[in-house]
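J.: Contents of protein.cif (mmCIF, C-alpha atoms) are below:
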data_start
#
loop_
_atom_site.label_atom_id
_atom_site.label_comp_id
_atom_site.auth_asym_id
_atom_site.auth_seq_id
_atom_site.Cartn_x
_atom_site.Cartn_y
_atom_site.Cartn_z
CA ASP A 1 -68.46 -59.78 -189.99
CA THR A 2 -68.07 -62.42 -192.71
CA GLU A 3 -67.85 -60.15 -195.71
CA VAL A 4 -65.38 -58.67 -198.11
CA THR A 5 -66.46 -55.13 -198.97
CA GLN A 6 -65.41 -53.52 -202.22
CA THR A 7 -65.84 -49.88 -203.20
CA PRO A 8 -66.90 -48.38 -205.47
CA LYS A 9 -69.38 -50.81 -207.04
CA HIS A 10 -69.17 -49.06 -210.39
CA LEU A 11 -66.45 -46.85 -211.85
CA VAL A 12 -66.13 -45.08 -215.18
CA MET A 13 -62.75 -43.55 -215.89
CA GLY A 14 -60.92 -41.98 -218.78
CA MET A 15 -57.65 -43.28 -220.10
CA THR A 16 -55.71 -40.43 -218.48
CA ASN A 17 -57.38 -40.68 -215.07
CA LYS A 18 -55.96 -42.05 -211.84
CA LYS A 19 -58.35 -43.96 -209.62
CA SER A 20 -58.23 -46.54 -206.85
CA LEU A 21 -60.30 -49.57 -205.95
CA LYS A 22 -60.67 -50.44 -202.30
CA CYS A 23 -61.22 -53.77 -200.56
CA GLU A 24 -61.78 -54.37 -196.86
CA GLN A 25 -62.28 -57.44 -194.65
CA HIS A 26 -62.50 -57.85 -190.90
CA MET A 27 -62.38 -61.64 -190.67
CA GLY A 28 -58.72 -61.78 -189.66
CA HIS A 29 -57.79 -63.31 -193.01
CA ARG A 30 -54.08 -63.03 -193.78
CA ALA A 31 -54.18 -63.61 -197.53
CA MET A 32 -55.86 -61.21 -199.97
CA TYR A 33 -56.27 -61.36 -203.72
CA TRP A 34 -57.17 -59.30 -206.74
CA TYR A 35 -58.89 -60.95 -209.70
CA LYS A 36 -60.04 -59.60 -213.05
CA GLN A 37 -63.13 -61.09 -214.69
CA LYS A 38 -64.22 -60.40 -218.24
CA ALA A 39 -67.77 -61.18 -219.35
CA LYS A 40 -68.56 -64.90 -219.58
CA LYS A 41 -65.06 -65.85 -218.42
CA PRO A 42 -63.68 -67.20 -215.14
CA PRO A 43 -61.81 -64.87 -212.81
CA GLU A 44 -58.12 -64.40 -213.65
CA LEU A 45 -55.67 -63.95 -210.80
CA MET A 46 -53.77 -60.67 -210.76
CA PHE A 47 -52.07 -60.34 -207.36
CA VAL A 48 -51.73 -62.23 -204.09
CA TYR A 49 -50.82 -60.66 -200.75
CA SER A 50 -49.76 -62.97 -197.96
CA TYR A 51 -49.29 -61.44 -194.50
CA GLU A 52 -49.37 -58.00 -196.13
CA LYS A 53 -46.54 -58.76 -198.52
CA LEU A 54 -46.93 -59.18 -202.26
CA SER A 55 -46.30 -62.86 -202.98
CA ILE A 56 -47.65 -63.30 -206.50
CA ASN A 57 -47.86 -60.89 -209.43
CA GLU A 58 -49.24 -62.67 -212.48
CA SER A 59 -47.30 -60.47 -214.94
CA VAL A 60 -49.85 -57.69 -214.60
CA PRO A 61 -49.06 -54.44 -216.49
CA SER A 62 -47.63 -51.67 -214.33
CA ARG A 63 -50.69 -49.49 -214.92
CA PHE A 64 -52.21 -51.65 -212.16
CA SER A 65 -50.50 -51.07 -208.81
CA PRO A 66 -51.59 -53.00 -205.72
CA GLU A 67 -51.12 -51.87 -202.15
CA CYS A 68 -51.81 -53.54 -198.82
CA PRO A 69 -51.67 -50.84 -196.10
CA ASN A 70 -52.64 -53.26 -193.31
CA SER A 71 -54.06 -56.74 -192.79
CA SER A 72 -57.64 -55.57 -193.41
CA LEU A 73 -57.22 -53.37 -196.46
CA LEU A 74 -56.23 -53.95 -200.04
CA ASN A 75 -56.12 -51.27 -202.72
CA LEU A 76 -55.67 -51.39 -206.46
CA HIS A 77 -54.36 -48.16 -207.96
CA LEU A 78 -55.22 -47.58 -211.61
CA HIS A 79 -53.44 -45.23 -214.00
CA ALA A 80 -53.45 -44.81 -217.77
CA LEU A 81 -55.77 -47.75 -218.37
CA GLN A 82 -56.93 -48.96 -221.76
CA PRO A 83 -60.49 -49.74 -222.87
CA GLU A 84 -59.63 -53.45 -222.84
CA ASP A 85 -59.08 -53.17 -219.08
CA SER A 86 -62.82 -52.75 -218.64
CA ALA A 87 -63.96 -55.69 -216.51
CA LEU A 88 -65.27 -56.75 -213.12
CA TYR A 89 -62.49 -56.53 -210.54
CA LEU A 90 -62.92 -58.92 -207.66
CA CYS A 91 -61.19 -58.90 -204.32
CA ALA A 92 -61.00 -62.02 -202.18
CA SER A 93 -59.50 -63.10 -198.88
CA SER A 94 -58.69 -66.40 -197.17
CA GLN A 95 -57.75 -67.51 -193.68
CA ALA A 96 -54.27 -68.50 -194.70
CA PRO A 97 -52.42 -69.06 -197.92
CA THR A 98 -52.76 -72.84 -197.71
CA GLU A 99 -54.91 -75.32 -199.51
CA ASN A 100 -57.74 -76.13 -197.12
CA TYR A 101 -59.34 -72.74 -197.14
CA GLY A 102 -61.60 -71.37 -199.80
CA TYR A 103 -61.77 -67.71 -200.62
CA THR A 104 -64.39 -65.18 -199.59
CA PHE A 105 -65.12 -62.86 -202.50
CA GLY A 106 -66.43 -59.33 -202.56
CA SER A 107 -69.18 -58.26 -204.95
CA GLY A 108 -66.66 -56.58 -207.22
CA THR A 109 -66.10 -53.23 -208.87
CA ARG A 110 -67.40 -52.99 -212.41
CA LEU A 111 -64.87 -50.81 -214.23
CA THR A 112 -65.45 -49.12 -217.55
CA VAL A 113 -62.55 -47.35 -219.26
CA VAL A 114 -63.60 -44.80 -221.87
CA GLY B 1 -49.62 -77.59 -213.44
CA ASN B 2 -52.97 -77.69 -211.72
CA SER B 3 -56.06 -77.39 -213.89
CA VAL B 4 -59.82 -77.84 -213.79
CA THR B 5 -62.07 -78.93 -216.64
CA GLN B 6 -65.82 -78.52 -216.36
CA MET B 7 -68.61 -79.15 -218.79
CA GLU B 8 -69.40 -76.39 -221.20
CA GLY B 9 -72.76 -74.73 -220.90
CA PRO B 10 -75.18 -73.33 -221.11
CA VAL B 11 -77.36 -75.84 -219.34
CA THR B 12 -81.11 -75.24 -219.46
CA LEU B 13 -83.41 -77.23 -217.17
CA SER B 14 -87.02 -77.15 -216.14
CA GLU B 15 -87.85 -76.49 -212.52
CA GLU B 16 -87.56 -79.60 -210.31
CA ALA B 17 -85.25 -81.37 -212.78
CA PHE B 18 -82.08 -83.15 -211.67
CA LEU B 19 -78.83 -81.27 -212.15
CA THR B 20 -75.34 -82.61 -212.79
CA ILE B 21 -72.41 -80.41 -213.72
CA ASN B 22 -69.27 -82.42 -214.41
CA CYS B 23 -65.87 -81.32 -213.13
CA THR B 24 -62.54 -83.11 -213.41
CA TYR B 25 -59.15 -81.93 -212.27
CA THR B 26 -55.42 -82.41 -212.74
CA ALA B 27 -53.16 -81.81 -209.78
CA THR B 28 -50.21 -83.20 -207.93
CA GLY B 29 -50.63 -84.25 -204.35
CA TYR B 30 -53.91 -83.78 -202.52
CA PRO B 31 -55.70 -80.61 -203.54
CA SER B 32 -58.82 -79.14 -201.99
CA LEU B 33 -61.84 -78.79 -204.29
CA PHE B 34 -64.55 -76.13 -204.36
CA TRP B 35 -67.72 -75.11 -206.14
CA TYR B 36 -68.47 -71.41 -206.41
CA VAL B 37 -71.66 -69.79 -207.69
CA GLN B 38 -71.99 -66.38 -209.32
CA TYR B 39 -75.43 -64.83 -209.61
CA PRO B 40 -75.94 -62.12 -212.25
CA GLY B 41 -74.14 -58.90 -211.39
CA GLU B 42 -72.54 -60.29 -208.26
CA GLY B 43 -69.26 -61.69 -207.00
CA LEU B 44 -68.53 -65.35 -206.36
CA GLN B 45 -69.97 -67.21 -203.38
CA LEU B 46 -68.52 -70.41 -201.99
CA LEU B 47 -71.18 -73.09 -202.47
CA LEU B 48 -69.40 -76.12 -201.03
CA LYS B 49 -65.98 -77.67 -200.59
CA ALA B 50 -64.15 -80.93 -199.93
CA THR B 51 -60.61 -81.16 -198.66
CA LYS B 52 -59.79 -84.87 -198.92
CA ALA B 53 -60.70 -87.94 -200.92
CA ASP B 54 -64.24 -89.31 -200.40
CA ASP B 55 -65.35 -86.13 -198.62
CA LYS B 56 -68.81 -84.96 -199.61
CA GLY B 57 -69.49 -81.24 -199.60
CA SER B 58 -73.10 -80.11 -199.39
CA ASN B 59 -75.05 -76.87 -199.13
CA LYS B 60 -78.52 -75.60 -200.14
CA GLY B 61 -79.41 -79.01 -201.63
CA PHE B 62 -76.25 -79.17 -203.75
CA GLU B 63 -73.73 -81.97 -203.26
CA ALA B 64 -70.34 -82.98 -204.66
CA THR B 65 -68.06 -85.88 -203.73
CA TYR B 66 -64.27 -85.76 -204.00
CA ARG B 67 -63.36 -88.83 -206.08
CA LYS B 68 -59.62 -89.26 -206.24
CA GLU B 69 -59.79 -92.42 -208.37
CA THR B 70 -61.60 -90.56 -211.16
CA THR B 71 -60.17 -87.09 -210.31
CA SER B 72 -63.69 -85.72 -210.29
CA PHE B 73 -65.90 -83.42 -208.21
CA HIS B 74 -69.27 -83.39 -209.99
CA LEU B 75 -71.96 -81.02 -208.70
CA GLU B 76 -75.48 -82.42 -208.26
CA LYS B 77 -78.86 -81.23 -207.08
CA GLY B 78 -81.98 -83.33 -206.98
CA SER B 79 -84.53 -80.64 -207.80
CA VAL B 80 -83.47 -77.28 -209.20
CA GLN B 81 -85.35 -74.02 -208.75
CA VAL B 82 -85.52 -70.91 -210.89
CA SER B 83 -83.46 -69.17 -208.21
CA ASP B 84 -80.56 -71.57 -208.93
CA SER B 85 -79.98 -69.88 -212.28
CA ALA B 86 -76.38 -68.69 -212.15
CA VAL B 87 -72.87 -69.51 -213.32
CA TYR B 88 -71.16 -72.33 -211.44
CA PHE B 89 -67.37 -72.56 -211.19
CA CYS B 90 -65.43 -75.62 -210.12
CA ALA B 91 -62.12 -74.71 -208.49
CA LEU B 92 -59.05 -76.35 -207.07
CA ARG B 93 -56.45 -75.28 -204.57
CA GLY B 94 -53.24 -77.24 -204.66
CA THR B 95 -50.84 -78.05 -201.86
CA GLY B 96 -48.68 -75.33 -200.37
CA ASN B 97 -49.15 -71.67 -201.10
CA THR B 98 -50.81 -72.03 -204.49
CA PRO B 99 -53.77 -69.86 -205.44
CA LEU B 100 -57.22 -71.02 -206.45
CA VAL B 101 -57.55 -72.28 -210.03
CA PHE B 102 -60.96 -72.03 -211.70
CA GLY B 103 -62.69 -73.98 -214.41
CA LYS B 104 -64.30 -72.01 -217.23
CA GLY B 105 -67.72 -71.94 -215.58
CA THR B 106 -71.09 -73.44 -216.50
CA ARG B 107 -74.10 -71.23 -216.97
CA LEU B 108 -77.32 -72.77 -215.64
CA SER B 109 -80.74 -71.49 -216.60
CA VAL B 110 -83.77 -72.95 -214.86
CA ILE B 111 -87.15 -72.24 -216.43
CA ALA B 112 -90.51 -72.45 -214.68
#
Take the structure in the file and write it out as structure tokens.
T.:
Amino acid sequence: DTEVTQTPKHLVMGMTNKKSLKCEQHMGHRAMYWYKQKAKKPPELMFVYSYEKLSINESVPSRFSPECPNSSLLNLHLHALQPEDSALYLCASSQAPTENYGYTFGSGTRLTVV
Amino acid sequence: GNSVTQMEGPVTLSEEAFLTINCTYTATGYPSLFWYVQYPGEGLQLLLKATKADDKGSNKGFEATYRKETTSFHLEKGSVQVSDSAVYFCALRGTGNTPLVFGKGTRLSVIA
């Protein structure tokens, strides 16, 4: 299995809703990442988990809450989002948090906040 | 800090034309360099990589050579196809536990 699987593929939520995005990989990768990508822009890093511990939070608002229950799973809990949070949310993983390894990306969750 | 600069698009080419997308970087030490491709409505796929100076990464007819003297990692393909239409991102990963840094992306459209 050489994939990162993200669910759901599409999500529409209201500003008062609570929802979660899920990411799963079975490649034995020990670093996992959340990115946000707006249209026609590069991905922006949100969070990095290294060996299941949060190692980087790029000053993301608290309405986004990451969770890494085990080495294969990464969740992003969403609460009280704003319309400007609508974007493609990408999960990625890498063999180790060092420079020689590229990332494997999932197909993303396209989120619309109404 | 680390950064990547790539040519602004969009780039429009006819099928079988030669492609070059320029990418230069700023980094301390010896970073690893990557090209990612994003097809419409999809996530990013690793296209090729190079981890040290003078390395050449190649995949699906695409090539890029890590040039430390010019801090460049230009993407080339000898004959593009309509199916190559996508957004291409140059990226860098610095030494130690530093995350991937992306360029702004270059949109390529190939017309038949």
J.: So which residues touch region 39-48 of chain A within 7 Å, counting only C-alpha atoms, skipping near sequence neighbours fewer than 4 positions away, as a PyMOL selection string?
T.: (chain A and resi 32-35+54-58+60) or (chain B and resi 102-105)
J.: Pull out every residue of chain B sitting within 10 Å of chain A, counting all atoms listed in the file, and send them as an NGL selection string.
T.: :B and (30-36 or 38 or 41-46 or 48-52 or 87-107)
J.: Between CA of Leu111 (chain A) and CA of Thr2 (chain A), what is the spacing in Å?
T.: 24.7 Å
J.: Quick check, in Å to one decimal: how far apart do CA of His29 (chain A) and CA of Ser71 (chain A) lie?
T.: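 Those two atoms sit 7.6 Å apart.
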J.: Residues near region 7-12 of chain B, anyone? I mean within 7 Å using only C-alpha atoms, not counting same-chain ones fewer than 3 positions away, as number ranges by chain.
T.: B: 21-23, 106-110
J.: Which residues come within 10 Å of Glu84 (chain A), counting all atoms listed in the file, excluding same-chain residues fewer than 4 positions away, as a ChimeraX atom specification?
T.: /A:38,112-114
J.: Just the residues within 7 Å of Lys22 (chain A), please, counting all atoms listed in the file, with nothing from its chain fewer than 2 positions along; format it as an MDAnalysis selection string.
T.: chainID A and resid 6:7 20 24 74:76
J.: Quick one: of A:Ser65, A:Gln82, A:Ser59, A:Thr5, who's nearest to His26 (chain A), counting all atoms listed in the file?
T.: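 Smallest distance to His26 (chain A) is found for A:Thr5.
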J.: One decimal, Å: what's the distance from CA of Val80 (chain B) over to CA of Thr5 (chain B), could you say?
T.: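 One can read the CA of Val80 (chain B) to CA of Thr5 (chain B) distance as 22.7 Å.
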J.: Smallest atom-to-atom distance to Ala27 (chain B): which of B:Val4, B:Leu47, B:Leu13, B:Ala112, using only C-alpha atoms?
T.: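 Looking only at the distances to Ala27 (chain B), the closest residue turns out to be B:Val4.
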J.: What would the selection look like, as a compact mmCIF listing (two decimals) with C-alpha atoms, in the coordinates of the input, if the PyMOL selection byres ((chain B and resi 69) around 12) were run on the coordinates I just shared?
T.:
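Written out: selection.txt:
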# COMPACT_ATOMS: atom_id res chain seq x y z
CA THR B 24 -62.54 -83.11 -213.41
CA TYR B 25 -59.15 -81.93 -212.27
CA THR B 26 -55.42 -82.41 -212.74
CA TYR B 30 -53.91 -83.78 -202.52
CA ALA B 53 -60.70 -87.94 -200.92
CA ASP B 54 -64.24 -89.31 -200.40
CA THR B 65 -68.06 -85.88 -203.73
CA TYR B 66 -64.27 -85.76 -204.00
CA ARG B 67 -63.36 -88.83 -206.08
CA LYS B 68 -59.62 -89.26 -206.24
CA THR B 70 -61.60 -90.56 -211.16
CA THR B 71 -60.17 -87.09 -210.31
CA SER B 72 -63.69 -85.72 -210.29
CA PHE B 73 -65.90 -83.42 -208.21
J.: Mind telling me what the PyMOL selection byres ((chain B and resi 75) around 6) catches here, as a PyMOL selection string?
T.: chain B and resi 20-21+63-64+74+76
J.: Could you check the closest approach to Ile111 (chain B) for each of B:Gln81, B:Ala86, B:Leu19, B:Asp55 and tell me which residue wins, using only C-alpha atoms?
T.: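 Smallest distance to Ile111 (chain B) is found for B:Gln81.
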J.: Pick out the closest residue to Ser86 (chain A) from this set: A:Lys19, A:Val4, A:Val12, A:Ser72. Count all atoms listed in the file.
T.: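 Closest candidate: A:Val12.
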